[in-house]
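Only one structure is covered here, and it is reproduced in the block below.
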Amino acid sequence: MNGEEVISMYQGLSELTGQMLACAKEGDWDHLVELESRCADQVQALRAGEVLAPLSGASRERKVRIIHEIMANDRAIRDLASPWMTELSRMLSSTGNERKLAAAYGAGNGL
């Protein structure tokens with residue numbers, strides 16, 4: 001890939017992470033997971049094809065700006081997903097504890 005193709009791929013990733021952020025804001029976690037898979041595919045393609053040759057000043061600045069956008073989207077997605085993940089963890093832990101209590105004290109055994 002040449003420098004302009006690399007920039008274009010980074011721009012595509014930025015747009016994709018923007019869509020992922022919109023899904024996270026809407027609580028559309030299923031669609032977010034689908035987009036995350038597409039994002040991973042694009043990152044892999046970028047890794048495979050990105051030339052290690054240095055970019056010119058303007059192209060380098062554009063690439064850095066786009067990477068900052070991607071990182072900001074990722075951070076915002078994590079902030080939105082974190083409470084959901086914490087709640088899921090709490091629910092799973094609670095269910096596990098209920099099972100342990102039921103096993104320990106014979107719930108349902110008529111005791």
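All residue names refer to the structure tokens as shown: chains lettered A, B, ... in order, residues numbered from 1 in each chain, ligands numbered from 1 in order.
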* To do: Give me the residues within 10 Å of Ala81 in chain A as a VMD selection string, counting only C-alpha atoms and dropping any in the same chain fewer than 2 places off.
  => chain A and resid 21 24 to 25 27 29 75 to 79 83 to 87
* Asked: If you count only C-alpha atoms, which residues fall within 12 Å of Pro54 in chain A, apart from same-chain ones fewer than 6 positions away, as a ChimeraX atom specification?
  -> /A:2-3,6,60-61,63
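Across A:Leu88, A:Ala48, A:Val64, A:Ala102, the tightest approach to Ile7 in chain A is made by A:Val64 when counting only C-alpha atoms.
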* Please provide the set of residues having any atom within 9 Å of Ile67 in chain A, restricted to only C-alpha atoms, with same-chain residues fewer than 2 positions apart removed, written as a ChimeraX atom specification. => /A:10-11,13-14,62-65,69-72
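Taking only C-alpha atoms into account, Glu50 in chain A lies nearest to A:Ser8 out of the set A:His31, A:Ser8, A:Gly18, A:Arg38.
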* For Gln42 in chain A, which residue out of A:Met1, A:Met9, A:Met20, A:Met91 is the nearest one, using only C-alpha atoms? -> A:Met9
* Asked: Which distance in Å separates CA of Gln44 in chain A and CA of Ser59 in chain A, to one decimal?
  -> 21.3 Å
* To do: Kindly give the distance, in Å, that separates CA of Ser56 in chain A and CA of Val43 in chain A, rounded to a single decimal.
  =>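 Taking CA of Ser56 in chain A as the start and CA of Val43 in chain A as the end point, the length is 22.0 Å.
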